[in-house]
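Containing PDB, C-alpha atoms and all ligand atoms: work-v2.pdb.
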ATOM      1  CA  MET A   1     -70.120  42.610  18.606
ATOM      2  CA  SER A   2     -72.219  39.471  19.160
ATOM      3  CA  GLU A   3     -70.443  36.396  20.447
ATOM      4  CA  GLU A   4     -71.043  34.662  17.136
ATOM      5  CA  ASN A   5     -69.378  37.524  15.264
ATOM      6  CA  TRP A   6     -66.579  37.697  17.787
ATOM      7  CA  THR A   7     -65.895  33.984  17.392
ATOM      8  CA  ALA A   8     -65.915  34.327  13.604
ATOM      9  CA  ALA A   9     -63.565  37.316  13.783
ATOM     10  CA  SER A  10     -61.185  35.610  16.162
ATOM     11  CA  LYS A  11     -61.111  32.536  13.917
ATOM     12  CA  THR A  12     -60.167  34.758  10.992
ATOM     13  CA  GLN A  13     -57.497  36.365  13.176
ATOM     14  CA  ARG A  14     -56.124  32.955  13.999
ATOM     15  CA  ARG A  15     -56.085  32.000  10.347
ATOM     16  CA  ARG A  16     -54.458  35.239   9.298
ATOM     17  CA  PRO A  17     -52.659  36.835  12.231
ATOM     18  CA  LEU A  18     -52.407  40.658  12.135
ATOM     19  CA  HIS A  19     -54.809  40.969   9.197
ATOM     20  CA  GLU A  20     -57.361  43.170  10.971
ATOM     21  CA  MET A  21     -54.618  45.434  12.228
ATOM     22  CA  PHE A  22     -53.122  46.136   8.805
ATOM     23  CA  VAL A  23     -56.472  46.740   7.187
ATOM     24  CA  MET A  24     -56.853  49.679   9.581
ATOM     25  CA  VAL A  25     -53.373  51.183   9.365
ATOM     26  CA  PRO A  26     -53.149  52.930   5.952
ATOM     27  CA  PRO A  27     -54.290  56.584   6.297
ATOM     28  CA  ARG A  28     -51.019  57.951   7.728
ATOM     29  CA  TYR A  29     -48.835  54.865   7.346
ATOM     30  CA  ASP A  30     -46.216  56.382   5.017
ATOM     31  CA  PHE A  31     -46.141  59.690   6.894
ATOM     32  CA  LEU A  32     -45.583  57.980  10.257
ATOM     33  CA  ASN A  33     -42.873  55.734   8.805
ATOM     34  CA  ARG A  34     -40.942  58.772   7.596
ATOM     35  CA  LEU A  35     -41.511  60.658  10.855
ATOM     36  CA  LEU A  36     -40.611  57.849  13.246
ATOM     37  CA  THR A  37     -37.450  56.851  11.384
ATOM     38  CA  TRP A  38     -36.381  60.418  10.508
ATOM     39  CA  THR A  39     -36.730  59.250   6.864
ATOM     40  CA  LEU A  40     -34.068  56.586   7.372
ATOM     41  CA  ASP A  41     -36.635  53.977   6.310
ATOM     42  CA  GLU A  42     -36.428  55.331   2.757
ATOM     43  CA  ARG A  43     -32.666  55.077   2.716
ATOM     44  CA  TRP A  44     -32.818  51.520   4.064
ATOM     45  CA  ARG A  45     -35.426  50.480   1.496
ATOM     46  CA  ARG A  46     -33.263  51.994  -1.248
ATOM     47  CA  LEU A  47     -30.343  49.840  -0.062
ATOM     48  CA  ALA A  48     -32.629  46.795  -0.081
ATOM     49  CA  ALA A  49     -33.915  47.665  -3.560
ATOM     50  CA  ARG A  50     -30.341  47.935  -4.908
ATOM     51  CA  GLU A  51     -29.521  44.608  -3.299
ATOM     52  CA  CYS A  52     -32.589  43.060  -4.942
ATOM     53  CA  LEU A  53     -31.462  44.284  -8.351
ATOM     54  CA  LYS A  54     -27.977  42.792  -8.176
ATOM     55  CA  GLN A  55     -27.744  39.941 -10.688
ATOM     56  CA  ASN A  56     -30.455  41.535 -12.890
ATOM     57  CA  PRO A  57     -33.496  39.521 -11.787
ATOM     58  CA  ARG A  58     -36.182  38.709 -14.326
ATOM     59  CA  ARG A  59     -38.847  38.684 -11.612
ATOM     60  CA  MET A  60     -38.876  40.257  -8.184
ATOM     61  CA  LEU A  61     -41.475  39.790  -5.452
ATOM     62  CA  ASP A  62     -41.992  42.436  -2.774
ATOM     63  CA  LEU A  63     -43.554  40.177  -0.143
ATOM     64  CA  CYS A  64     -45.946  41.897   2.298
ATOM     65  CA  CYS A  65     -45.440  45.029   0.213
ATOM     66  CA  GLY A  66     -47.803  47.292   2.184
ATOM     67  CA  THR A  67     -47.949  50.619   0.354
ATOM     68  CA  GLY A  68     -45.454  49.299  -2.192
ATOM     69  CA  ASP A  69     -42.311  51.301  -1.423
ATOM     70  CA  LEU A  70     -39.767  48.524  -1.945
ATOM     71  CA  ALA A  71     -41.220  47.363  -5.281
ATOM     72  CA  LEU A  72     -41.654  50.944  -6.485
ATOM     73  CA  ARG A  73     -38.130  51.900  -5.500
ATOM     74  CA  ALA A  74     -36.698  48.809  -7.218
ATOM     75  CA  ALA A  75     -38.815  49.429 -10.325
ATOM     76  CA  SER A  76     -37.578  53.000 -10.584
ATOM     77  CA  LEU A  77     -33.955  51.856 -10.280
ATOM     78  CA  GLY A  78     -34.223  48.630 -12.266
ATOM     79  CA  SER A  79     -34.164  47.818 -15.951
ATOM     80  CA  ASP A  80     -37.208  47.398 -18.187
ATOM     81  CA  GLY A  81     -36.509  43.691 -18.394
ATOM     82  CA  THR A  82     -37.600  43.026 -14.796
ATOM     83  CA  GLU A  83     -41.177  42.234 -13.731
ATOM     84  CA  PHE A  84     -42.030  43.548 -10.268
ATOM     85  CA  THR A  85     -44.850  42.146  -8.152
ATOM     86  CA  GLY A  86     -45.976  43.332  -4.738
ATOM     87  CA  LEU A  87     -48.230  41.118  -2.633
ATOM     88  CA  ASP A  88     -50.091  41.977   0.553
ATOM     89  CA  PHE A  89     -53.237  40.827   2.339
ATOM     90  CA  SER A  90     -54.400  44.346   3.202
ATOM     91  CA  GLU A  91     -56.475  45.744   0.353
ATOM     92  CA  PRO A  92     -56.348  49.316   1.764
ATOM     93  CA  MET A  93     -52.516  49.167   1.770
ATOM     94  CA  LEU A  94     -52.593  47.910  -1.830
ATOM     95  CA  GLU A  95     -54.888  50.750  -2.875
ATOM     96  CA  VAL A  96     -52.297  53.255  -1.665
ATOM     97  CA  ALA A  97     -49.560  51.274  -3.465
ATOM     98  CA  ARG A  98     -51.484  51.335  -6.757
ATOM     99  CA  ARG A  99     -52.139  55.068  -6.477
ATOM    100  CA  LYS A 100     -48.432  55.759  -5.932
ATOM    101  CA  ARG A 101     -47.483  53.438  -8.816
ATOM    102  CA  ASN A 102     -49.861  55.210 -11.196
ATOM    103  CA  ALA A 103     -48.683  58.651 -10.095
ATOM    104  CA  ARG A 104     -45.093  57.588 -10.850
ATOM    105  CA  ARG A 105     -46.100  56.094 -14.207
ATOM    106  CA  LEU A 106     -44.849  52.652 -13.260
ATOM    107  CA  ASP A 107     -48.138  50.905 -14.053
ATOM    108  CA  GLY A 108     -46.704  48.849 -16.909
ATOM    109  CA  LYS A 109     -43.896  47.634 -14.688
ATOM    110  CA  VAL A 110     -45.290  46.793 -11.233
ATOM    111  CA  ASP A 111     -48.287  44.633 -10.310
ATOM    112  CA  PHE A 112     -49.819  44.802  -6.857
ATOM    113  CA  ILE A 113     -51.841  41.774  -5.946
ATOM    114  CA  HIS A 114     -53.903  40.720  -2.992
ATOM    115  CA  GLY A 115     -52.757  37.498  -1.334
ATOM    116  CA  ASP A 116     -51.565  35.778   1.801
ATOM    117  CA  ALA A 117     -47.901  35.092   2.472
ATOM    118  CA  GLY A 118     -48.934  31.658   3.751
ATOM    119  CA  GLU A 119     -50.416  30.613   0.425
ATOM    120  CA  LEU A 120     -48.571  32.394  -2.346
ATOM    121  CA  PRO A 121     -50.311  32.204  -5.733
ATOM    122  CA  PHE A 122     -47.093  31.502  -7.671
ATOM    123  CA  PRO A 123     -45.391  28.346  -8.940
ATOM    124  CA  ASP A 124     -42.259  26.970  -7.285
ATOM    125  CA  GLY A 125     -39.128  28.978  -8.027
ATOM    126  CA  TYR A 126     -41.028  31.734  -9.831
ATOM    127  CA  PHE A 127     -38.977  34.694  -8.528
ATOM    128  CA  ASP A 128     -35.253  35.353  -8.866
ATOM    129  CA  VAL A 129     -35.445  37.557  -5.814
ATOM    130  CA  VAL A 130     -37.886  37.930  -2.951
ATOM    131  CA  GLY A 131     -37.558  41.190  -1.018
ATOM    132  CA  ILE A 132     -39.246  42.008   2.290
ATOM    133  CA  SER A 133     -39.099  45.406   3.928
ATOM    134  CA  PHE A 134     -40.179  45.818   7.543
ATOM    135  CA  ALA A 135     -42.607  42.920   7.380
ATOM    136  CA  PHE A 136     -40.355  39.955   8.187
ATOM    137  CA  ARG A 137     -40.877  40.781  11.875
ATOM    138  CA  ASN A 138     -44.630  40.593  11.336
ATOM    139  CA  ILE A 139     -44.528  37.151   9.807
ATOM    140  CA  THR A 140     -41.964  35.703  12.214
ATOM    141  CA  TYR A 141     -42.316  37.373  15.636
ATOM    142  CA  LYS A 142     -44.532  35.190  17.832
ATOM    143  CA  ASN A 143     -46.465  34.319  14.693
ATOM    144  CA  PRO A 144     -48.082  30.882  14.873
ATOM    145  CA  LEU A 145     -47.800  30.564  11.070
ATOM    146  CA  ARG A 146     -44.121  31.463  10.927
ATOM    147  CA  GLU A 147     -42.924  28.095   9.534
ATOM    148  CA  ARG A 148     -45.504  28.228   6.802
ATOM    149  CA  TYR A 149     -44.583  31.782   5.780
ATOM    150  CA  LEU A 150     -40.899  30.912   5.667
ATOM    151  CA  SER A 151     -41.493  27.791   3.640
ATOM    152  CA  GLU A 152     -43.696  29.651   1.135
ATOM    153  CA  MET A 153     -41.097  32.378   0.785
ATOM    154  CA  ALA A 154     -38.427  29.752   0.069
ATOM    155  CA  ARG A 155     -40.703  27.789  -2.280
ATOM    156  CA  VAL A 156     -41.326  30.706  -4.654
ATOM    157  CA  THR A 157     -37.624  31.688  -4.753
ATOM    158  CA  ALA A 158     -35.780  30.096  -7.684
ATOM    159  CA  PRO A 159     -32.915  27.740  -6.757
ATOM    160  CA  GLY A 160     -29.884  30.023  -6.712
ATOM    161  CA  GLY A 161     -32.226  33.021  -6.374
ATOM    162  CA  ARG A 162     -32.025  35.385  -3.429
ATOM    163  CA  CYS A 163     -33.939  36.764  -0.498
ATOM    164  CA  VAL A 164     -33.307  40.317   0.671
ATOM    165  CA  ILE A 165     -34.772  41.439   3.971
ATOM    166  CA  VAL A 166     -34.563  44.798   5.672
ATOM    167  CA  GLU A 167     -35.908  44.743   9.205
ATOM    168  CA  THR A 168     -35.596  46.313  12.623
ATOM    169  CA  SER A 169     -32.853  44.646  14.633
ATOM    170  CA  GLN A 170     -30.965  44.822  17.923
ATOM    171  CA  PRO A 171     -27.955  47.156  18.225
ATOM    172  CA  ARG A 172     -24.847  45.474  19.632
ATOM    173  CA  SER A 173     -23.899  48.480  21.747
ATOM    174  CA  ARG A 174     -25.768  48.307  25.042
ATOM    175  CA  LEU A 175     -26.161  52.066  25.138
ATOM    176  CA  LEU A 176     -27.615  52.298  21.635
ATOM    177  CA  ARG A 177     -29.874  49.324  22.337
ATOM    178  CA  ALA A 178     -31.187  50.974  25.505
ATOM    179  CA  MET A 179     -31.808  54.233  23.617
ATOM    180  CA  ALA A 180     -33.550  52.455  20.731
ATOM    181  CA  HIS A 181     -35.739  50.504  23.163
ATOM    182  CA  LEU A 182     -36.627  53.670  25.041
ATOM    183  CA  TYR A 183     -37.602  55.290  21.751
ATOM    184  CA  PHE A 184     -39.762  52.302  20.771
ATOM    185  CA  ARG A 185     -41.331  52.169  24.234
ATOM    186  CA  THR A 186     -42.216  55.859  24.522
ATOM    187  CA  VAL A 187     -42.140  57.833  21.260
ATOM    188  CA  VAL A 188     -43.535  55.192  18.895
ATOM    189  CA  PRO A 189     -46.772  54.384  20.775
ATOM    190  CA  GLN A 190     -47.313  58.081  21.600
ATOM    191  CA  ALA A 191     -46.927  59.104  17.958
ATOM    192  CA  GLY A 192     -49.225  56.259  16.933
ATOM    193  CA  ARG A 193     -51.768  57.410  19.519
ATOM    194  CA  LEU A 194     -51.660  61.046  18.471
ATOM    195  CA  LEU A 195     -51.217  60.737  14.719
ATOM    196  CA  GLY A 196     -52.037  57.203  13.658
ATOM    197  CA  SER A 197     -55.402  55.694  12.892
ATOM    198  CA  ASN A 198     -54.765  52.443  14.732
ATOM    199  CA  ARG A 199     -53.181  52.626  18.178
ATOM    200  CA  GLY A 200     -52.948  48.841  18.421
ATOM    201  CA  ALA A 201     -50.652  48.732  15.394
ATOM    202  CA  TYR A 202     -48.147  51.129  16.964
ATOM    203  CA  ARG A 203     -48.316  49.346  20.310
ATOM    204  CA  TYR A 204     -47.551  46.149  18.398
ATOM    205  CA  LEU A 205     -44.629  47.856  16.612
ATOM    206  CA  SER A 206     -43.357  49.166  19.945
ATOM    207  CA  GLU A 207     -43.394  45.740  21.554
ATOM    208  CA  SER A 208     -42.305  43.567  18.646
ATOM    209  CA  ALA A 209     -39.382  45.817  17.664
ATOM    210  CA  ARG A 210     -38.022  45.798  21.230
ATOM    211  CA  ARG A 211     -38.319  42.059  21.589
ATOM    212  CA  TYR A 212     -37.409  41.020  18.057
ATOM    213  CA  TYR A 213     -34.503  38.688  17.310
ATOM    214  CA  ASP A 214     -31.016  39.975  16.679
ATOM    215  CA  ALA A 215     -29.474  39.713  13.215
ATOM    216  CA  GLY A 216     -27.682  36.431  13.988
ATOM    217  CA  GLU A 217     -30.958  34.797  15.012
ATOM    218  CA  VAL A 218     -32.680  36.014  11.835
ATOM    219  CA  ALA A 219     -29.763  34.617   9.802
ATOM    220  CA  GLN A 220     -30.250  31.239  11.483
ATOM    221  CA  MET A 221     -33.964  31.337  10.690
ATOM    222  CA  LEU A 222     -33.142  31.916   7.018
ATOM    223  CA  ARG A 223     -30.686  28.999   6.969
ATOM    224  CA  GLU A 224     -33.319  26.727   8.482
ATOM    225  CA  ALA A 225     -35.787  27.901   5.841
ATOM    226  CA  GLY A 226     -33.462  26.704   3.041
ATOM    227  CA  PHE A 227     -31.178  29.650   2.280
ATOM    228  CA  ARG A 228     -27.389  29.426   2.149
ATOM    229  CA  ASP A 229     -24.625  32.059   2.087
ATOM    230  CA  VAL A 230     -26.739  34.003   4.531
ATOM    231  CA  SER A 231     -25.242  37.304   5.576
ATOM    232  CA  TYR A 232     -26.304  40.555   7.159
ATOM    233  CA  ARG A 233     -25.182  44.093   7.615
ATOM    234  CA  HIS A 234     -26.195  46.324  10.502
ATOM    235  CA  LEU A 235     -27.712  49.691   9.639
ATOM    236  CA  PHE A 236     -27.496  52.695  11.970
ATOM    237  CA  GLY A 237     -25.535  50.696  14.541
ATOM    238  CA  GLY A 238     -27.981  47.776  14.381
ATOM    239  CA  VAL A 239     -31.293  49.582  14.814
ATOM    240  CA  ALA A 240     -32.064  47.834  11.526
ATOM    241  CA  ALA A 241     -30.316  45.153   9.490
ATOM    242  CA  LEU A 242     -30.139  44.130   5.846
ATOM    243  CA  HIS A 243     -30.141  40.359   5.392
ATOM    244  CA  THR A 244     -29.469  38.352   2.258
ATOM    245  CA  GLY A 245     -29.452  34.667   1.427
ATOM    246  CA  VAL A 246     -29.267  32.387  -1.604
ATOM    247  CA  ARG A 247     -31.895  29.689  -2.141
ATOM    248  CA  GLN A 248     -30.341  26.254  -1.952
ATOM    249  CA  THR A 249     -30.433  24.319  -5.196
TER
HETATM  250  C1  LIG B   1     -45.121  46.947   8.671
HETATM  251  S1  LIG B   1     -45.927  46.699   7.151
HETATM  252  C2  LIG B   1     -44.588  46.806   5.993
HETATM  253  C3  LIG B   1     -45.076  47.229   4.635
HETATM  254  C4  LIG B   1     -44.014  47.517   3.595
HETATM  255  N1  LIG B   1     -43.307  46.335   3.210
HETATM  256  C5  LIG B   1     -43.062  48.609   4.007
HETATM  257  O1  LIG B   1     -41.855  48.500   3.733
HETATM  258  O2  LIG B   1     -43.522  49.616   4.546
HETATM  259  C6  LIG B   1     -46.293  44.986   7.157
HETATM  260  C7  LIG B   1     -47.139  44.544   5.995
HETATM  261  O3  LIG B   1     -47.214  43.123   5.986
HETATM  262  C8  LIG B   1     -48.502  42.750   5.572
HETATM  263  N2  LIG B   1     -48.725  41.368   5.999
HETATM  264  C9  LIG B   1     -48.586  40.877   7.258
HETATM  265  N3  LIG B   1     -48.863  39.554   7.263
HETATM  266  C10 LIG B   1     -49.162  39.222   5.973
HETATM  267  C11 LIG B   1     -49.532  38.008   5.341
HETATM  268  N4  LIG B   1     -49.670  36.880   6.030
HETATM  269  N5  LIG B   1     -49.774  38.012   4.016
HETATM  270  C12 LIG B   1     -49.661  39.160   3.299
HETATM  271  N6  LIG B   1     -49.325  40.341   3.842
HETATM  272  C13 LIG B   1     -49.089  40.378   5.169
HETATM  273  C14 LIG B   1     -49.416  43.789   6.207
HETATM  274  O4  LIG B   1     -50.674  43.883   5.601
HETATM  275  C15 LIG B   1     -48.581  45.055   6.046
HETATM  276  O5  LIG B   1     -48.892  45.736   4.858
END

Turn the structure described in the file into structure tokens.
Amino acid sequence: MSEENWTAASKTQRRRPLHEMFVMVPPRYDFLNRLLTWTLDERWRRLAARECLKQNPRRMLDLCCGTGDLALRAASLGSDGTEFTGLDFSEPMLEVARRKRNARRLDGKVDFIHGDAGELPFPDGYFDVVGISFAFRNITYKNPLRERYLSEMARVTAPGGRCVIVETSQPRSRLLRAMAHLYFRTVVPQAGRLLGSNRGAYRYLSESARRYYDAGEVAQMLREAGFRDVSYRHLFGGVAALHTGVRQT
């Protein structure tokens, strides 16, 4: 790559951290998710989807939707009265999401749109619920645009509306934490190397999941972003956590 191109690419990276990485991930993304979590990721997304549907939202956003699993799960469980939108900045991820949506005949119910979490193309308070599955870490861990992402997420949530986040977390038990970290340090990058299409993405997952905040720290981040009644529940001893909060009026 010429220096000019490299400089242009690195500027884009700075503007949109992680973008290049997620454009390259898709081919075996869903398969590796299921494999690496022993399919627990599906169960955790289902819990998040049910949480999103409490209070019968009129509009739900699946922020950083990737291949669309949270929005699709919620749409299959939810009522016809709810509009579901998934947004992501990786077009290849969105292509997979649209294919899955069409195969499940949910095309009248779920829209997948291309966009950046730092500049959401929606008016203030547009969504009754904003759900994020396994992408909150991406937009908050060592991310220079973290404040902007959090403020956009809060801006598009209606006053009194909710955020629902399912994310990797830190087990309280020292033994379980050590085992989870060992798994993230050894198995995850190896599986990414052998089966994934982008080794960097699985190295990033390995590092960020081990160093990510615990559930209490994420709760504090949500409070600072403008959510109240913030609570969380550990999943699988704290390997993951389900967070909720209500947008301040
Ligand atoms: C680990 S994947 C999670 C995808 C999906 N939510 C799931 O449950 O599998 C993270 C996703 O966040 C997206 N993403 C990261 N930063 C983003 C941003 N600033 N704007 C939009 N999407 C972003 C990536 O493209 C990727 O699809």

I would like the residues chosen by the PyMOL selection byres (((not hetatm)) within 9 of (chain B and resi 1)) on the shown file; could you give them as a PyMOL selection string?
chain A and resi 16-23+25-26+29-30+33+41-42+45+62-71+86-94+114-120+131-139+145+149+166-167+201+205

Selection file, C-alpha atoms, as a CSV table (one decimal), keeping the file's coordinate frame:
chain,number,residue,atom,x,y,z
A,16,ARG,CA,-54.5,35.2,9.3
A,17,PRO,CA,-52.7,36.8,12.2
A,18,LEU,CA,-52.4,40.7,12.1
A,19,HIS,CA,-54.8,41.0,9.2
A,20,GLU,CA,-57.4,43.2,11.0
A,21,MET,CA,-54.6,45.4,12.2
A,22,PHE,CA,-53.1,46.1,8.8
A,23,VAL,CA,-56.5,46.7,7.2
A,25,VAL,CA,-53.4,51.2,9.4
A,26,PRO,CA,-53.1,52.9,6.0
A,29,TYR,CA,-48.8,54.9,7.3
A,30,ASP,CA,-46.2,56.4,5.0
A,33,ASN,CA,-42.9,55.7,8.8
A,41,ASP,CA,-36.6,54.0,6.3
A,42,GLU,CA,-36.4,55.3,2.8
A,45,ARG,CA,-35.4,50.5,1.5
A,62,ASP,CA,-42.0,42.4,-2.8
A,63,LEU,CA,-43.6,40.2,-0.1
A,64,CYS,CA,-45.9,41.9,2.3
A,65,CYS,CA,-45.4,45.0,0.2
A,66,GLY,CA,-47.8,47.3,2.2
A,67,THR,CA,-47.9,50.6,0.4
A,68,GLY,CA,-45.5,49.3,-2.2
A,69,ASP,CA,-42.3,51.3,-1.4
A,70,LEU,CA,-39.8,48.5,-1.9
A,71,ALA,CA,-41.2,47.4,-5.3
A,86,GLY,CA,-46.0,43.3,-4.7
A,87,LEU,CA,-48.2,41.1,-2.6
A,88,ASP,CA,-50.1,42.0,0.6
A,89,PHE,CA,-53.2,40.8,2.3
A,90,SER,CA,-54.4,44.3,3.2
A,91,GLU,CA,-56.5,45.7,0.4
A,92,PRO,CA,-56.3,49.3,1.8
A,93,MET,CA,-52.5,49.2,1.8
A,94,LEU,CA,-52.6,47.9,-1.8
A,114,HIS,CA,-53.9,40.7,-3.0
A,115,GLY,CA,-52.8,37.5,-1.3
A,116,ASP,CA,-51.6,35.8,1.8
A,117,ALA,CA,-47.9,35.1,2.5
A,118,GLY,CA,-48.9,31.7,3.8
A,119,GLU,CA,-50.4,30.6,0.4
A,120,LEU,CA,-48.6,32.4,-2.3
A,131,GLY,CA,-37.6,41.2,-1.0
A,132,ILE,CA,-39.2,42.0,2.3
A,133,SER,CA,-39.1,45.4,3.9
A,134,PHE,CA,-40.2,45.8,7.5
A,135,ALA,CA,-42.6,42.9,7.4
A,136,PHE,CA,-40.4,40.0,8.2
A,137,ARG,CA,-40.9,40.8,11.9
A,138,ASN,CA,-44.6,40.6,11.3
A,139,ILE,CA,-44.5,37.2,9.8
A,145,LEU,CA,-47.8,30.6,11.1
A,149,TYR,CA,-44.6,31.8,5.8
A,166,VAL,CA,-34.6,44.8,5.7
A,167,GLU,CA,-35.9,44.7,9.2
A,201,ALA,CA,-50.7,48.7,15.4
A,205,LEU,CA,-44.6,47.9,16.6

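The nearest approach to A:Leu242 among the residues A:Asn198, A:Thr168, A:Ser151, A:Thr186, with only C-alpha atoms taken into account, belongs to A:Thr168.
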
Taking all atoms of stretch 134-145 of chain A that the file lists and extending 4 Å past them on each side, where is the centre of the axis-aligned box and how long are its edges? Answer in Å to one decimal, as AutoDock Vina command-line options.
--center_x -44.1 --center_y 38.2 --center_z 12.6 --size_x 15.9 --size_y 23.3 --size_z 18.5

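The smallest atom-to-atom distance between A:Cys163 and any of A:Tyr183, A:Phe122, A:Phe127, A:Tyr202, using only C-alpha atoms, is found for A:Phe127.
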
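Between atom CA of A:Gly108 and atom CA of A:Leu72 the interatomic distance comes to 11.8 Å.
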
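Distance-wise, atom CA of A:Ala215 and atom CA of A:Leu150 end up 16.3 Å apart.
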
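Closest approach to A:Thr244 among A:Glu51, A:Glu217, A:Glu95, A:Glu147: A:Glu51, based on only C-alpha atoms.
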
For stretch 207-209 of chain A, work out the shell of residues within 10 Å, counting all atoms listed in the file and skipping chain neighbours fewer than 2 positions away, then give it as a PyMOL selection string.
chain A and resi 137-138+141-142+167-170+180-181+184-185+188-189+201-205+211-213+239-240

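Between atom CA of A:Arg172 and atom CA of A:Gly237 there is a distance of 7.3 Å.
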
Got a sec to resolve the PyMOL selection byres (((chain A and resi 227) around 10) and not hetatm) on this structure and send the residues as JSON, numbers by chain?
{"A": [154, 157, 159, 160, 161, 162, 163, 219, 220, 221, 222, 223, 224, 225, 226, 228, 229, 230, 244, 245, 246, 247, 248, 249]}

Kindly export the residues of the current selection with C-alpha atoms, as a short mmCIF file (atom, residue, chain, number, x, y, z; two decimals), in the coordinates of the input.
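The result, written out as result.cif:
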data_model
loop_
_atom_site.label_atom_id
_atom_site.label_comp_id
_atom_site.auth_asym_id
_atom_site.auth_seq_id
_atom_site.Cartn_x
_atom_site.Cartn_y
_atom_site.Cartn_z
CA ALA A 154 -38.43 29.75 0.07
CA THR A 157 -37.62 31.69 -4.75
CA PRO A 159 -32.92 27.74 -6.76
CA GLY A 160 -29.88 30.02 -6.71
CA GLY A 161 -32.23 33.02 -6.37
CA ARG A 162 -32.02 35.38 -3.43
CA CYS A 163 -33.94 36.76 -0.50
CA ALA A 219 -29.76 34.62 9.80
CA GLN A 220 -30.25 31.24 11.48
CA MET A 221 -33.96 31.34 10.69
CA LEU A 222 -33.14 31.92 7.02
CA ARG A 223 -30.69 29.00 6.97
CA GLU A 224 -33.32 26.73 8.48
CA ALA A 225 -35.79 27.90 5.84
CA GLY A 226 -33.46 26.70 3.04
CA ARG A 228 -27.39 29.43 2.15
CA ASP A 229 -24.62 32.06 2.09
CA VAL A 230 -26.74 34.00 4.53
CA THR A 244 -29.47 38.35 2.26
CA GLY A 245 -29.45 34.67 1.43
CA VAL A 246 -29.27 32.39 -1.60
CA ARG A 247 -31.90 29.69 -2.14
CA GLN A 248 -30.34 26.25 -1.95
CA THR A 249 -30.43 24.32 -5.20
#

Convert the output of the PyMOL selection byres (((chain A and resi 81) around 9) and not hetatm) on the shown file into explicit residues, formatted as a ChimeraX atom specification.
/A:56-59,78-80,82-83

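Closest approach to A:Arg50 among A:Val110, A:Leu176, A:Ala75, A:Val96 is made by A:Ala75 (distances from all atoms listed in the file).
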
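Closest approach to A:Ser231 among A:Val164, A:Leu175, A:Met60, A:Leu194: A:Val164, based on all atoms listed in the file.
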
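Here the question is which of A:Lys109, A:Arg73, A:Arg101, A:Arg155 gets nearest to A:Ala49 using all atoms listed in the file, and that residue is A:Arg73.
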